[in-house]
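The next block holds one structure in the form of structure tokens; read it before the comments.
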Amino acid sequence: MKTLFVLLMCLAPPVLAQDWKLDAGKSQVQFVIKQMNVPTEGNFRRFIVHASFDPAKPEAGRFRVDVDTASADTGSAEGDDEVKRPAWFDSKAHPWAIFTAKSVRREADGRYTAFGDLDIKGQSRALAAPFTLTRQGNAWLAQGRFPLKRSTYGIGGGDWTDVVADDLEVRFNLLLLP
Amino acid sequence: MNQGYRWPLVGLHWLTLLLIVAAYVIGSLLEDMTLSPLKLKLFSWHKWVGMTVLFLLLPRLLLRWTERIDHAAGLLPWEARASAAVHGALYLLLLLAPLLGWLHSSASGFPVVWFGVLPLLDLVGKDKALAEIFKELHEGSVNLLVALVVLHAAAALYHQHVRHDGVLARMVPWLRSKS
């Protein structure tokens with residue numbers, strides 16, 4: 001059955017999908033999380049995007065985002081070091097947080113939802129990430145946000161539980177060049 | 001003759017002292033602490049206490065301006081001027097020290113949420129260089145405030161134990177019955 005599926009995929013006419021390159025300087029992967037009930041913003045300095053899609057039909061595209069867990073910018077050098085530790089991202093053992101889209105659904109003009117798996121710290125969980133796709137010259141800007149819980153992936157905990165909120169929001173702005 | 005300040009002003013005076021001592025002690029501890037949940041908690045308490053000092057300043061000034069005490073009575077002209085200058089500087093620093101701390105927090109990317117409940121205005125955008133400047137100014141203003149508080153207390157004790165003029169009793173109700 002699987003072989004048949006692969007065979008059909010090979011036989012299918014080549015889609016117009018093209019690979020898009022990330023403009024890292026104009027892209028951000030951010031997170032907003034409450035510390036002592038204070039919303040604070042951070043971001044990741046390094047991430048890699050694999051995007052292959054036809055702008056006319058993004059639902060047939062493939063998307064994958066790899067985030068370097070050791071590259072978190074929490075606003076202070078101490079905080080940056082802290083989140084690499086085993087209690088948080090455990091960056092030595094799990095250097096990458098990876099979202100792989102399995103399917104994309106068109107919601108409206110320029111609005112989509114990517115369904116896939118978010119893999120952090122050895123835990124893989126289903127995730128639906130809504131995003132917009134807007135044209136910027138010959139590039140495309142993918143923008144979206146989704147909520148996460150630290151506890152889902154065992155990030156942080158212990159003494160930090162009553163200081164750093166479980167809920168956070170991930171925001172992404174990815175500028176994709178042809 | 002008016003024996004002293006009315007109790008709301010006396011209360012605010014001593015409450016402010018208690019709060020700035022607490023904020024100063026916590027702030028000094030924070031200087032040498034490495035990141036931990038406790039440090040984040042203390043940081044929050046430091047900010048909450050400091051903001052409380054700032055918020056108490058306005059009602060305090062209003063009460064102060066309605067007092068009918070002649071502050072120059074029994075003082076030499078230069079003493080009256082020095083007293084007015086130190087009191088003015090104390091009020092100014094009670095405004096500036098918390099305000100600069102608030103600006104430091106804001107520029108560092110941490111808005112202040114008073115007692116974890118009331119989000120205060122995020123005064124400036126996140127800017128590391130600006131945050132450093134506000135940090136220095138905050139520390140400078142706090143050090144000056146502490147120096148003036150010591151001077152202020154020394155002057156009050158001088159009035160009480162050398163001049164025996166009842167100036168300290170204006171702010172210490174239980175001393176009034178003796179005078």
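In the structure tokens, the first chain shown is A, the next is B, and so on; residue numbers restart at 1 for each chain, and ligands run from 1 in the order shown.
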task = If you run DSSP over the backbone, which residues in region 32-173 of chain B end up strand (DSSP E)? Put them as a VMD selection string.
result = chain B and resid 113 to 114 118 to 119
With 12 Å as the limit and counting only C-alpha atoms, what residues in chain B lie close to chain A? Please list them as a PDB file with C-alpha atoms, in the first residue's frame.
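The resulting file, part-v4.pdb, is reproduced below:
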```pdb
ATOM      1  CA  MET B  33      22.257  37.065  43.106  1.00  0.00           C
ATOM      2  CA  THR B  34      22.434  34.686  40.179  1.00  0.00           C
ATOM      3  CA  LEU B  35      19.243  33.907  38.308  1.00  0.00           C
ATOM      4  CA  SER B  36      16.793  31.775  40.295  1.00  0.00           C
ATOM      5  CA  PRO B  37      13.059  31.683  40.954  1.00  0.00           C
ATOM      6  CA  LEU B  38      13.760  33.491  44.225  1.00  0.00           C
ATOM      7  CA  LYS B  39      15.581  36.258  42.396  1.00  0.00           C
ATOM      8  CA  LEU B  40      12.623  36.805  40.064  1.00  0.00           C
ATOM      9  CA  LYS B  41      10.296  36.942  43.060  1.00  0.00           C
ATOM     10  CA  LEU B  42      12.518  39.421  44.872  1.00  0.00           C
ATOM     11  CA  PHE B  43      12.818  41.499  41.709  1.00  0.00           C
ATOM     12  CA  SER B  44       9.040  41.701  41.553  1.00  0.00           C
ATOM     13  CA  TRP B  45       8.756  42.638  45.226  1.00  0.00           C
ATOM     14  CA  LYS B  47       9.437  46.838  41.936  1.00  0.00           C
ATOM     15  CA  TRP B  48       6.094  46.567  43.748  1.00  0.00           C
ATOM     16  CA  SER B 105      12.531  47.787  34.045  1.00  0.00           C
ATOM     17  CA  SER B 106      10.579  48.989  31.034  1.00  0.00           C
ATOM     18  CA  ALA B 107      13.677  49.493  28.872  1.00  0.00           C
ATOM     19  CA  SER B 108      14.876  46.012  29.910  1.00  0.00           C
ATOM     20  CA  GLY B 109      11.723  44.541  28.376  1.00  0.00           C
ATOM     21  CA  PHE B 110       9.936  43.858  31.666  1.00  0.00           C
ATOM     22  CA  PRO B 111       6.793  45.934  32.134  1.00  0.00           C
ATOM     23  CA  VAL B 112       5.810  46.359  35.783  1.00  0.00           C
ATOM     24  CA  VAL B 113       2.646  44.616  36.934  1.00  0.00           C
ATOM     25  CA  TRP B 114       1.931  46.054  40.370  1.00  0.00           C
ATOM     26  CA  PHE B 115       1.613  43.203  42.873  1.00  0.00           C
ATOM     27  CA  GLY B 116       1.119  40.922  39.870  1.00  0.00           C
ATOM     28  CA  VAL B 117      -2.341  42.423  39.353  1.00  0.00           C
ATOM     29  CA  LEU B 118      -2.215  45.949  37.937  1.00  0.00           C
ATOM     30  CA  PRO B 119      -0.209  46.322  34.718  1.00  0.00           C
ATOM     31  CA  LEU B 120       1.485  49.717  34.733  1.00  0.00           C
ATOM     32  CA  ASP B 122       5.226  50.372  29.709  1.00  0.00           C
ATOM     33  CA  GLY B 125      10.442  50.223  24.334  1.00  0.00           C
ATOM     34  CA  LYS B 126      13.019  47.496  24.908  1.00  0.00           C
ATOM     35  CA  ASP B 127      16.480  49.013  24.519  1.00  0.00           C
ATOM     36  CA  LYS B 128      19.508  47.478  26.235  1.00  0.00           C
ATOM     37  CA  ALA B 131      18.247  50.192  30.163  1.00  0.00           C
TER      38      ALA B 131
END
```
query = In region 94-163 of chain A, what's alpha helix (DSSP H) per DSSP? Answer as a PyMOL selection string?
reply = chain A and resi 150-153
task = One decimal, Å: what's the distance from CA of Gly157 (chain A) over to CA of Lys84 (chain A), could you say?
result =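 Atom-to-atom, CA of Gly157 (chain A) to CA of Lys84 (chain A), that is 13.6 Å.
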inquiry  = Can you tell me which residues surround Ala82 (chain B) at a distance of at most 12 Å, considering only C-alpha atoms, apart from same-chain residues fewer than 4 positions away, and format the answer as a list in words?
reply    = His71, Ala72, Leu75, Leu76, Pro77, Trp78, Val86, His87, Gly88, Ala89, Leu148, Leu151, His152 and Ala155 of chain B
